[in-house]
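Visitor: The file below is input_12.cif, mmCIF, N, CA and C atoms:
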data_target
loop_
_atom_site.group_PDB
_atom_site.id
_atom_site.type_symbol
_atom_site.label_atom_id
_atom_site.label_comp_id
_atom_site.auth_asym_id
_atom_site.auth_seq_id
_atom_site.Cartn_x
_atom_site.Cartn_y
_atom_site.Cartn_z
ATOM 1 N N MET A 200 8.268 17.760 8.813
ATOM 2 C CA MET A 200 8.561 16.578 8.009
ATOM 3 C C MET A 200 9.322 15.578 8.874
ATOM 4 N N ILE A 201 8.792 14.359 8.913
ATOM 5 C CA ILE A 201 9.431 13.287 9.674
ATOM 6 C C ILE A 201 10.080 12.270 8.738
ATOM 7 N N TYR A 202 9.349 11.869 7.698
ATOM 8 C CA TYR A 202 9.829 10.857 6.750
ATOM 9 C C TYR A 202 10.024 11.488 5.377
ATOM 10 N N GLN A 203 11.054 11.017 4.684
ATOM 11 C CA GLN A 203 11.306 11.489 3.323
ATOM 12 C C GLN A 203 11.869 10.325 2.516
ATOM 13 N N ASP A 204 11.463 10.241 1.252
ATOM 14 C CA ASP A 204 11.915 9.153 0.393
ATOM 15 C C ASP A 204 11.839 9.610 -1.060
ATOM 16 N N LEU A 205 12.378 8.806 -1.948
ATOM 17 C CA LEU A 205 12.280 9.058 -3.378
ATOM 18 C C LEU A 205 10.977 8.468 -3.900
ATOM 19 N N LEU A 206 10.326 9.163 -4.811
ATOM 20 C CA LEU A 206 9.069 8.684 -5.386
ATOM 21 C C LEU A 206 9.351 7.617 -6.433
ATOM 22 N N ILE A 207 8.688 6.471 -6.267
ATOM 23 C CA ILE A 207 8.797 5.358 -7.208
ATOM 24 C C ILE A 207 7.409 5.119 -7.793
ATOM 25 N N GLU A 208 7.307 5.089 -9.116
ATOM 26 C CA GLU A 208 6.049 4.775 -9.786
ATOM 27 C C GLU A 208 6.320 3.742 -10.862
ATOM 28 N N ASN A 209 5.501 2.697 -10.876
ATOM 29 C CA ASN A 209 5.651 1.603 -11.839
ATOM 30 C C ASN A 209 7.055 1.009 -11.827
ATOM 31 N N GLY A 210 7.652 0.953 -10.652
ATOM 32 C CA GLY A 210 8.972 0.369 -10.500
ATOM 33 C C GLY A 210 10.127 1.260 -10.914
ATOM 34 N N ASP A 211 9.841 2.507 -11.293
ATOM 35 C CA ASP A 211 10.890 3.418 -11.741
ATOM 36 C C ASP A 211 10.955 4.655 -10.854
ATOM 37 N N LEU A 212 12.143 5.189 -10.737
ATOM 38 C CA LEU A 212 12.356 6.440 -10.029
ATOM 39 C C LEU A 212 11.753 7.585 -10.835
ATOM 40 N N VAL A 213 10.971 8.440 -10.202
ATOM 41 C CA VAL A 213 10.343 9.565 -10.886
ATOM 42 C C VAL A 213 11.292 10.762 -10.830
ATOM 43 N N LEU A 214 11.507 11.376 -11.994
ATOM 44 C CA LEU A 214 12.381 12.544 -12.099
ATOM 45 C C LEU A 214 11.560 13.777 -12.433
ATOM 46 N N ASP A 215 12.008 14.935 -11.923
ATOM 47 C CA ASP A 215 11.323 16.181 -12.256
ATOM 48 C C ASP A 215 11.865 16.724 -13.582
ATOM 49 N N ALA A 216 11.438 17.926 -13.961
ATOM 50 C CA ALA A 216 11.848 18.519 -15.246
ATOM 51 C C ALA A 216 13.362 18.701 -15.339
ATOM 52 N N GLY A 217 14.017 18.898 -14.212
ATOM 53 C CA GLY A 217 15.473 19.061 -14.203
ATOM 54 C C GLY A 217 16.222 17.752 -14.070
ATOM 55 N N ARG A 218 15.504 16.634 -14.216
ATOM 56 C CA ARG A 218 16.056 15.285 -14.137
ATOM 57 C C ARG A 218 16.605 14.958 -12.752
ATOM 58 N N ASN A 219 15.995 15.569 -11.728
ATOM 59 C CA ASN A 219 16.337 15.280 -10.340
ATOM 60 C C ASN A 219 15.246 14.384 -9.755
ATOM 61 N N PRO A 220 15.606 13.502 -8.852
ATOM 62 C CA PRO A 220 14.592 12.625 -8.250
ATOM 63 C C PRO A 220 13.541 13.453 -7.491
ATOM 64 N N VAL A 221 12.283 13.037 -7.610
ATOM 65 C CA VAL A 221 11.189 13.681 -6.893
ATOM 66 C C VAL A 221 11.143 13.102 -5.484
ATOM 67 N N LEU A 222 11.076 13.984 -4.499
ATOM 68 C CA LEU A 222 11.016 13.560 -3.105
ATOM 69 C C LEU A 222 9.572 13.588 -2.615
ATOM 70 N N ILE A 223 9.253 12.639 -1.744
ATOM 71 C CA ILE A 223 7.953 12.632 -1.090
ATOM 72 C C ILE A 223 8.187 12.658 0.417
ATOM 73 N N GLN A 224 7.159 13.102 1.145
ATOM 74 C CA GLN A 224 7.307 13.220 2.583
ATOM 75 C C GLN A 224 6.142 12.558 3.310
ATOM 76 N N ASP A 225 6.425 12.217 4.554
ATOM 77 C CA ASP A 225 5.469 11.806 5.567
ATOM 78 C C ASP A 225 4.415 10.816 5.088
ATOM 79 N N GLN A 226 3.161 11.243 4.942
ATOM 80 C CA GLN A 226 2.053 10.356 4.612
ATOM 81 C C GLN A 226 2.288 9.624 3.286
ATOM 82 N N ALA A 227 2.831 10.308 2.305
ATOM 83 C CA ALA A 227 3.103 9.676 1.006
ATOM 84 C C ALA A 227 4.175 8.591 1.132
ATOM 85 N N VAL A 228 5.134 8.782 2.027
ATOM 86 C CA VAL A 228 6.168 7.771 2.251
ATOM 87 C C VAL A 228 5.550 6.516 2.863
ATOM 88 N N ILE A 229 4.668 6.707 3.830
ATOM 89 C CA ILE A 229 4.010 5.561 4.467
ATOM 90 C C ILE A 229 3.195 4.792 3.433
ATOM 91 N N ALA A 230 2.424 5.505 2.615
ATOM 92 C CA ALA A 230 1.609 4.858 1.576
ATOM 93 C C ALA A 230 2.491 4.087 0.599
ATOM 94 N N GLN A 231 3.600 4.684 0.174
ATOM 95 C CA GLN A 231 4.500 4.016 -0.768
ATOM 96 C C GLN A 231 5.115 2.769 -0.125
ATOM 97 N N ASP A 232 5.506 2.860 1.141
ATOM 98 C CA ASP A 232 6.084 1.703 1.827
ATOM 99 C C ASP A 232 5.087 0.555 1.933
ATOM 100 N N ILE A 233 3.823 0.882 2.213
ATOM 101 C CA ILE A 233 2.788 -0.141 2.314
ATOM 102 C C ILE A 233 2.581 -0.809 0.952
ATOM 103 N N LYS A 234 2.504 0.005 -0.081
ATOM 104 C CA LYS A 234 2.311 -0.529 -1.432
ATOM 105 C C LYS A 234 3.460 -1.468 -1.811
ATOM 106 N N HIS A 235 4.691 -1.073 -1.511
ATOM 107 C CA HIS A 235 5.841 -1.902 -1.836
ATOM 108 C C HIS A 235 5.849 -3.192 -1.015
ATOM 109 N N ALA A 236 5.423 -3.122 0.243
ATOM 110 C CA ALA A 236 5.359 -4.329 1.073
ATOM 111 C C ALA A 236 4.361 -5.327 0.494
ATOM 112 N N ILE A 237 3.230 -4.818 0.003
ATOM 113 C CA ILE A 237 2.224 -5.693 -0.606
ATOM 114 C C ILE A 237 2.774 -6.338 -1.870
ATOM 115 N N ILE A 238 3.432 -5.553 -2.705
ATOM 116 C CA ILE A 238 4.002 -6.085 -3.944
ATOM 117 C C ILE A 238 5.061 -7.141 -3.636
ATOM 118 N N GLU A 239 5.940 -6.851 -2.678
ATOM 119 C CA GLU A 239 7.023 -7.771 -2.344
ATOM 120 C C GLU A 239 6.522 -9.049 -1.671
ATOM 121 N N SER A 240 5.376 -8.979 -1.002
ATOM 122 C CA SER A 240 4.841 -10.163 -0.311
ATOM 123 C C SER A 240 4.271 -11.189 -1.273
ATOM 124 N N ASN A 241 3.946 -10.772 -2.484
ATOM 125 C CA ASN A 241 3.340 -11.617 -3.504
ATOM 126 C C ASN A 241 1.895 -12.002 -3.183
ATOM 127 N N LEU A 242 1.331 -11.417 -2.127
ATOM 128 C CA LEU A 242 -0.042 -11.728 -1.759
ATOM 129 C C LEU A 242 -1.040 -11.206 -2.789
ATOM 130 N N ALA A 243 -0.719 -10.089 -3.431
ATOM 131 C CA ALA A 243 -1.618 -9.545 -4.452
ATOM 132 C C ALA A 243 -1.742 -10.519 -5.619
ATOM 133 N N VAL A 244 -0.649 -11.128 -6.010
ATOM 134 C CA VAL A 244 -0.670 -12.104 -7.100
ATOM 135 C C VAL A 244 -1.479 -13.330 -6.690
ATOM 136 N N GLU A 245 -1.299 -13.771 -5.450
ATOM 137 C CA GLU A 245 -2.065 -14.913 -4.957
ATOM 138 C C GLU A 245 -3.562 -14.603 -4.947
ATOM 139 N N LEU A 246 -3.916 -13.381 -4.594
ATOM 140 C CA LEU A 246 -5.321 -12.985 -4.553
ATOM 141 C C LEU A 246 -5.944 -13.036 -5.941
ATOM 142 N N ILE A 247 -5.191 -12.604 -6.945
ATOM 143 C CA ILE A 247 -5.678 -12.651 -8.328
ATOM 144 C C ILE A 247 -5.900 -14.099 -8.767
ATOM 145 N N ALA A 248 -4.957 -14.964 -8.441
ATOM 146 C CA ALA A 248 -4.981 -16.345 -8.920
ATOM 147 C C ALA A 248 -6.014 -17.208 -8.204
ATOM 148 N N GLU A 249 -6.355 -16.840 -6.990
ATOM 149 C CA GLU A 249 -7.244 -17.686 -6.182
ATOM 150 C C GLU A 249 -8.696 -17.584 -6.632
ATOM 151 N N ARG A 250 -9.385 -18.722 -6.688
ATOM 152 C CA ARG A 250 -10.793 -18.767 -7.091
ATOM 153 C C ARG A 250 -11.719 -19.061 -5.917
ATOM 154 N N SER A 251 -11.216 -19.737 -4.930
ATOM 155 C CA SER A 251 -12.032 -20.116 -3.782
ATOM 156 C C SER A 251 -12.347 -18.890 -2.916
ATOM 157 N N PRO A 252 -13.624 -18.621 -2.661
ATOM 158 C CA PRO A 252 -13.981 -17.464 -1.819
ATOM 159 C C PRO A 252 -13.364 -17.513 -0.421
ATOM 160 N N SER A 253 -13.291 -18.698 0.169
ATOM 161 C CA SER A 253 -12.708 -18.797 1.512
ATOM 162 C C SER A 253 -11.202 -18.549 1.484
ATOM 163 N N MET A 254 -10.525 -19.021 0.453
ATOM 164 C CA MET A 254 -9.085 -18.773 0.327
ATOM 165 C C MET A 254 -8.807 -17.300 0.027
ATOM 166 N N LYS A 255 -9.664 -16.675 -0.803
ATOM 167 C CA LYS A 255 -9.521 -15.244 -1.085
ATOM 168 C C LYS A 255 -9.684 -14.437 0.207
ATOM 169 N N ALA A 256 -10.632 -14.838 1.045
ATOM 170 C CA ALA A 256 -10.838 -14.158 2.328
ATOM 171 C C ALA A 256 -9.606 -14.310 3.216
ATOM 172 N N ASP A 257 -8.981 -15.485 3.182
ATOM 173 C CA ASP A 257 -7.769 -15.724 3.962
ATOM 174 C C ASP A 257 -6.631 -14.825 3.475
ATOM 175 N N ILE A 258 -6.483 -14.690 2.176
ATOM 176 C CA ILE A 258 -5.425 -13.837 1.619
ATOM 177 C C ILE A 258 -5.689 -12.372 1.974
ATOM 178 N N ARG A 259 -6.948 -11.951 1.921
ATOM 179 C CA ARG A 259 -7.283 -10.573 2.322
ATOM 180 C C ARG A 259 -6.897 -10.325 3.787
ATOM 181 N N THR A 260 -7.135 -11.323 4.633
ATOM 182 C CA THR A 260 -6.752 -11.212 6.041
ATOM 183 C C THR A 260 -5.234 -11.108 6.172
ATOM 184 N N GLN A 261 -4.512 -11.898 5.388
ATOM 185 C CA GLN A 261 -3.051 -11.819 5.409
ATOM 186 C C GLN A 261 -2.573 -10.436 4.976
ATOM 187 N N LEU A 262 -3.229 -9.873 3.948
ATOM 188 C CA LEU A 262 -2.882 -8.529 3.482
ATOM 189 C C LEU A 262 -3.140 -7.496 4.574
ATOM 190 N N GLU A 263 -4.270 -7.618 5.236
ATOM 191 C CA GLU A 263 -4.605 -6.682 6.305
ATOM 192 C C GLU A 263 -3.578 -6.770 7.438
ATOM 193 N N LEU A 264 -3.201 -7.979 7.805
ATOM 194 C CA LEU A 264 -2.194 -8.157 8.859
ATOM 195 C C LEU A 264 -0.837 -7.608 8.432
ATOM 196 N N LEU A 265 -0.498 -7.776 7.160
ATOM 197 C CA LEU A 265 0.755 -7.230 6.641
ATOM 198 C C LEU A 265 0.780 -5.708 6.778
ATOM 199 N N VAL A 266 -0.311 -5.070 6.390
ATOM 200 C CA VAL A 266 -0.383 -3.606 6.484
ATOM 201 C C VAL A 266 -0.357 -3.184 7.951
ATOM 202 N N GLU A 267 -1.038 -3.924 8.812
ATOM 203 C CA GLU A 267 -1.086 -3.612 10.249
ATOM 204 C C GLU A 267 0.298 -3.646 10.897
ATOM 205 N N GLU A 268 1.251 -4.354 10.290
ATOM 206 C CA GLU A 268 2.598 -4.440 10.852
ATOM 207 C C GLU A 268 3.326 -3.101 10.854
ATOM 208 N N ASP A 269 2.896 -2.167 10.019
ATOM 209 C CA ASP A 269 3.555 -0.862 9.955
ATOM 210 C C ASP A 269 3.297 -0.117 11.263
ATOM 211 N N VAL A 270 4.366 0.156 12.007
ATOM 212 C CA VAL A 270 4.238 0.778 13.329
ATOM 213 C C VAL A 270 3.798 2.235 13.254
ATOM 214 N N ARG A 271 3.767 2.807 12.055
ATOM 215 C CA ARG A 271 3.332 4.199 11.902
ATOM 216 C C ARG A 271 1.812 4.315 11.785
ATOM 217 N N LEU A 272 1.116 3.187 11.793
ATOM 218 C CA LEU A 272 -0.343 3.162 11.690
ATOM 219 C C LEU A 272 -0.963 2.881 13.055
ATOM 220 N N VAL A 273 -2.169 3.422 13.254
ATOM 221 C CA VAL A 273 -2.923 3.137 14.471
ATOM 222 C C VAL A 273 -3.474 1.714 14.339
ATOM 223 N N PRO A 274 -3.165 0.832 15.280
ATOM 224 C CA PRO A 274 -3.651 -0.551 15.194
ATOM 225 C C PRO A 274 -5.178 -0.614 15.114
ATOM 226 N N GLY A 275 -5.661 -1.517 14.262
ATOM 227 C CA GLY A 275 -7.089 -1.737 14.127
ATOM 228 C C GLY A 275 -7.804 -0.812 13.168
ATOM 229 N N THR A 276 -7.077 0.083 12.503
ATOM 230 C CA THR A 276 -7.723 1.042 11.597
ATOM 231 C C THR A 276 -7.605 0.670 10.129
ATOM 232 N N VAL A 277 -6.917 -0.404 9.815
ATOM 233 C CA VAL A 277 -6.701 -0.793 8.417
ATOM 234 C C VAL A 277 -7.982 -1.393 7.839
ATOM 235 N N ARG A 278 -8.371 -0.901 6.676
ATOM 236 C CA ARG A 278 -9.535 -1.414 5.956
ATOM 237 C C ARG A 278 -9.142 -1.685 4.506
ATOM 238 N N LEU A 279 -9.540 -2.839 3.990
ATOM 239 C CA LEU A 279 -9.277 -3.214 2.602
ATOM 240 C C LEU A 279 -10.604 -3.302 1.873
ATOM 241 N N GLU A 280 -10.627 -2.780 0.657
ATOM 242 C CA GLU A 280 -11.816 -2.898 -0.178
ATOM 243 C C GLU A 280 -11.361 -3.258 -1.584
ATOM 244 N N GLU A 281 -11.877 -4.359 -2.097
ATOM 245 C CA GLU A 281 -11.506 -4.834 -3.431
ATOM 246 C C GLU A 281 -12.681 -4.619 -4.384
ATOM 247 N N THR A 282 -12.417 -4.013 -5.530
ATOM 248 C CA THR A 282 -13.466 -3.800 -6.519
ATOM 249 C C THR A 282 -13.493 -4.968 -7.493
ATOM 250 N N LYS A 283 -14.562 -5.058 -8.247
ATOM 251 C CA LYS A 283 -14.683 -6.124 -9.253
ATOM 252 C C LYS A 283 -13.671 -5.940 -10.370
ATOM 253 N N GLU A 284 -13.207 -4.702 -10.577
ATOM 254 C CA GLU A 284 -12.236 -4.427 -11.631
ATOM 255 C C GLU A 284 -10.817 -4.831 -11.238
ATOM 256 N N GLY A 285 -10.615 -5.244 -9.985
ATOM 257 C CA GLY A 285 -9.303 -5.697 -9.563
ATOM 258 C C GLY A 285 -8.461 -4.653 -8.868
ATOM 259 N N THR A 286 -9.065 -3.559 -8.446
ATOM 260 C CA THR A 286 -8.333 -2.539 -7.706
ATOM 261 C C THR A 286 -8.622 -2.720 -6.222
ATOM 262 N N MET A 287 -7.589 -2.609 -5.401
ATOM 263 C CA MET A 287 -7.770 -2.692 -3.966
ATOM 264 C C MET A 287 -7.510 -1.316 -3.369
ATOM 265 N N TYR A 288 -8.450 -0.871 -2.548
ATOM 266 C CA TYR A 288 -8.296 0.384 -1.824
ATOM 267 C C TYR A 288 -7.987 0.055 -0.371
ATOM 268 N N ILE A 289 -6.978 0.715 0.136
ATOM 269 C CA ILE A 289 -6.563 0.497 1.515
ATOM 270 C C ILE A 289 -6.669 1.820 2.245
ATOM 271 N N SER A 290 -7.294 1.790 3.398
ATOM 272 C CA SER A 290 -7.366 2.986 4.224
ATOM 273 C C SER A 290 -6.923 2.626 5.633
ATOM 274 N N ALA A 291 -6.339 3.588 6.307
ATOM 275 C CA ALA A 291 -5.881 3.408 7.683
ATOM 276 C C ALA A 291 -5.662 4.791 8.286
ATOM 277 N N LYS A 292 -5.430 4.804 9.554
ATOM 278 C CA LYS A 292 -5.126 6.061 10.236
ATOM 279 C C LYS A 292 -3.674 6.003 10.690
ATOM 280 N N THR A 293 -2.918 7.036 10.327
ATOM 281 C CA THR A 293 -1.532 7.105 10.764
ATOM 282 C C THR A 293 -1.465 7.760 12.142
ATOM 283 N N ILE A 294 -0.412 7.500 12.850
ATOM 284 C CA ILE A 294 -0.256 8.073 14.185
ATOM 285 C C ILE A 294 -0.016 9.577 14.106
ATOM 286 N N GLU A 295 0.835 10.022 13.176
ATOM 287 C CA GLU A 295 1.204 11.435 13.110
ATOM 288 C C GLU A 295 0.431 12.264 12.086
ATOM 289 N N PHE A 296 -0.141 11.633 11.037
ATOM 290 C CA PHE A 296 -0.634 12.405 9.897
ATOM 291 C C PHE A 296 -2.100 12.204 9.558
ATOM 292 N N GLY A 297 -2.858 11.561 10.405
ATOM 293 C CA GLY A 297 -4.282 11.387 10.136
ATOM 294 C C GLY A 297 -4.559 10.237 9.184
ATOM 295 N N ASN A 298 -5.653 10.365 8.455
ATOM 296 C CA ASN A 298 -6.101 9.284 7.571
ATOM 297 C C ASN A 298 -5.207 9.136 6.345
ATOM 298 N N LEU A 299 -5.064 7.897 5.928
ATOM 299 C CA LEU A 299 -4.244 7.534 4.784
ATOM 300 C C LEU A 299 -5.077 6.645 3.878
ATOM 301 N N SER A 300 -5.003 6.877 2.582
ATOM 302 C CA SER A 300 -5.658 5.965 1.646
ATOM 303 C C SER A 300 -4.760 5.794 0.436
ATOM 304 N N LEU A 301 -4.783 4.589 -0.114
ATOM 305 C CA LEU A 301 -3.999 4.318 -1.304
ATOM 306 C C LEU A 301 -4.709 3.244 -2.098
ATOM 307 N N GLU A 302 -4.336 3.135 -3.338
ATOM 308 C CA GLU A 302 -4.923 2.096 -4.183
ATOM 309 C C GLU A 302 -3.801 1.245 -4.778
ATOM 310 N N VAL A 303 -4.084 -0.041 -4.850
ATOM 311 C CA VAL A 303 -3.191 -0.990 -5.476
ATOM 312 C C VAL A 303 -3.970 -1.524 -6.666
ATOM 313 N N VAL A 304 -3.507 -1.218 -7.872
ATOM 314 C CA VAL A 304 -4.234 -1.525 -9.087
ATOM 315 C C VAL A 304 -3.966 -2.956 -9.528
ATOM 316 N N ASN A 305 -5.002 -3.550 -10.132
ATOM 317 C CA ASN A 305 -4.933 -4.901 -10.715
ATOM 318 C C ASN A 305 -4.553 -5.968 -9.706
ATOM 319 N N VAL A 306 -5.222 -5.948 -8.579
ATOM 320 C CA VAL A 306 -5.007 -6.977 -7.568
ATOM 321 C C VAL A 306 -5.744 -8.216 -7.975
#
Any chance you could put this one into structure tokens?
Guide:
Amino acid sequence: MIYQDLLIENGDLVLDAGRNPVLIQDQAVIAQDIKHAIIESNLAVELIAERSPSMKADIRTQLELLVEEDVRLVPGTVRLEETKEGTMYISAKTIEFGNLSLEVVNV
């Protein structure tokens, strides 16, 4: 185990049956950090609001560059896929833990 953090879901700390915080490690920490960076950047909200295809493509590029900033990822491996339902799937390769995938809902 290299990285450890508290699990956050829907903006709240997740507690186990004993009311103790749930811990996550390594790959899950990287995924959570990426998700939080996207939320904090406000780019997901801009992507939802934008109607112009060229501007949407620009925002997707900004999102990809934002994710690429994480030094725990292999450069050039980040891929974004947006569904018609508004979910974004992000995949990348981590340096220590192999492939990583996460979803950001209602983008």
Visitor: A:Val273: which residues within 5 Å, counting only N, CA and C atoms, same-chain residues fewer than 5 positions away excluded, as a ChimeraX atom specification?
Guide: /A:292-294
Visitor: Around (-0.4, 5.3, -3.9) in the file's own coordinates, what residues are found within 6 Å if you use all atoms listed in the file, given back as an NGL selection string?
Guide: :A and (230-231 or 301-302)
Visitor: Would you kindly translate the PyMOL selection byres (((chain A and resi 206 and name CA) around 9) and name CA) into the concrete residues it picks from this file, as a ChimeraX atom specification?
Guide: /A:204-205,207-208,211-214,220-223,227-228,231
Visitor: Run through the PyMOL selection byres ((chain A and resi 276) around 6) on the given coordinates and return the selected residues as a ChimeraX atom specification.
Guide: /A:273-275,277-278,290-292
Visitor: When the PyMOL selection byres ((chain A and resi 262-266) around 7) is applied to the structure above, which residues does it catch, written out as a JSON list (two decimals) with N, CA and C atoms, keeping the file's coordinate frame?
Guide:
[["chain", "number", "residue", "atom", "x", "y", "z"],
["A", 233, "ILE", "N", 3.82, 0.88, 2.21],
["A", 233, "ILE", "CA", 2.79, -0.14, 2.31],
["A", 233, "ILE", "C", 2.58, -0.81, 0.95],
["A", 242, "LEU", "N", 1.33, -11.42, -2.13],
["A", 242, "LEU", "CA", -0.04, -11.73, -1.76],
["A", 242, "LEU", "C", -1.04, -11.21, -2.79],
["A", 257, "ASP", "N", -8.98, -15.48, 3.18],
["A", 257, "ASP", "CA", -7.77, -15.72, 3.96],
["A", 257, "ASP", "C", -6.63, -14.82, 3.48],
["A", 258, "ILE", "N", -6.48, -14.69, 2.18],
["A", 258, "ILE", "CA", -5.42, -13.84, 1.62],
["A", 258, "ILE", "C", -5.69, -12.37, 1.97],
["A", 259, "ARG", "N", -6.95, -11.95, 1.92],
["A", 259, "ARG", "CA", -7.28, -10.57, 2.32],
["A", 259, "ARG", "C", -6.90, -10.32, 3.79],
["A", 260, "THR", "N", -7.14, -11.32, 4.63],
["A", 260, "THR", "CA", -6.75, -11.21, 6.04],
["A", 260, "THR", "C", -5.23, -11.11, 6.17],
["A", 261, "GLN", "N", -4.51, -11.90, 5.39],
["A", 261, "GLN", "CA", -3.05, -11.82, 5.41],
["A", 261, "GLN", "C", -2.57, -10.44, 4.98],
["A", 267, "GLU", "N", -1.04, -3.92, 8.81],
["A", 267, "GLU", "CA", -1.09, -3.61, 10.25],
["A", 267, "GLU", "C", 0.30, -3.65, 10.90],
["A", 268, "GLU", "N", 1.25, -4.35, 10.29],
["A", 268, "GLU", "CA", 2.60, -4.44, 10.85],
["A", 268, "GLU", "C", 3.33, -3.10, 10.85],
["A", 269, "ASP", "N", 2.90, -2.17, 10.02],
["A", 269, "ASP", "CA", 3.56, -0.86, 9.96],
["A", 269, "ASP", "C", 3.30, -0.12, 11.26],
["A", 277, "VAL", "N", -6.92, -0.40, 9.82],
["A", 277, "VAL", "CA", -6.70, -0.79, 8.42],
["A", 277, "VAL", "C", -7.98, -1.39, 7.84],
["A", 278, "ARG", "N", -8.37, -0.90, 6.68],
["A", 278, "ARG", "CA", -9.54, -1.41, 5.96],
["A", 278, "ARG", "C", -9.14, -1.68, 4.51],
["A", 279, "LEU", "N", -9.54, -2.84, 3.99],
["A", 279, "LEU", "CA", -9.28, -3.21, 2.60],
["A", 279, "LEU", "C", -10.60, -3.30, 1.87]]
Visitor: So the first atom is atom N of A:Arg271 and the second is atom CA of A:Met287; what is the distance between them in Å, to one decimal place?
Guide: 20.5 Å
Visitor: Could you give me the centre and size, in Å to one decimal, of an axis-aligned box around all listed atoms of stretch 248-258 of chain A with 3 Å added on every side, as lines of an AutoDock Vina configuration file?
Guide:
center_x = -9.5
center_y = -16.2
center_z = -2.5
size_x = 15.0
size_y = 13.7
size_z = 18.9
Visitor: Just list the residues in chain A DSSP gives strand (DSSP E) on the backbone, as an MDAnalysis selection string.
Guide: chainID A and resid 203:205 207:208 211:212 222:224 278:281 287:293 297:303
Visitor: Given only C-alpha atoms as the basis, pick out the residue of A:Val303, A:Ser240, A:Gln224, A:Gln203 nearest to A:Thr286.
Guide: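 Closest candidate: A:Val303.
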Visitor: Using all atoms listed in the file, can you tell me which of A:Glu249, A:Gln226, A:Asp215, A:Tyr202 comes closest to A:Ser300?
Guide: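 Comparing A:Glu249, A:Gln226, A:Asp215, A:Tyr202 against A:Ser300, the winner is A:Gln226.
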Visitor: Apply DSSP to the backbone of this structure and, from stretch 215-287 of chain A, keep only the residues in alpha helix (DSSP H); write these as JSON, numbers by chain.
Guide: {"A": [226, 227, 228, 229, 230, 231, 232, 233, 234, 235, 236, 237, 238, 239, 240, 242, 243, 244, 245, 246, 247, 248, 252, 253, 254, 255, 256, 257, 258, 259, 260, 261, 262, 263, 264, 265, 266, 267]}
Visitor: Report the distance between atom C of A:Ala243 and atom CA of A:Ile229 in Å, rounded to one decimal place.
Guide: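 Distance reported for this atom pair: 19.8 Å.
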Visitor: Please measure the separation of atom CA of A:Glu245 and atom CA of A:Ile289, giving the value in Å to one decimal.
Guide: 17.3 Å
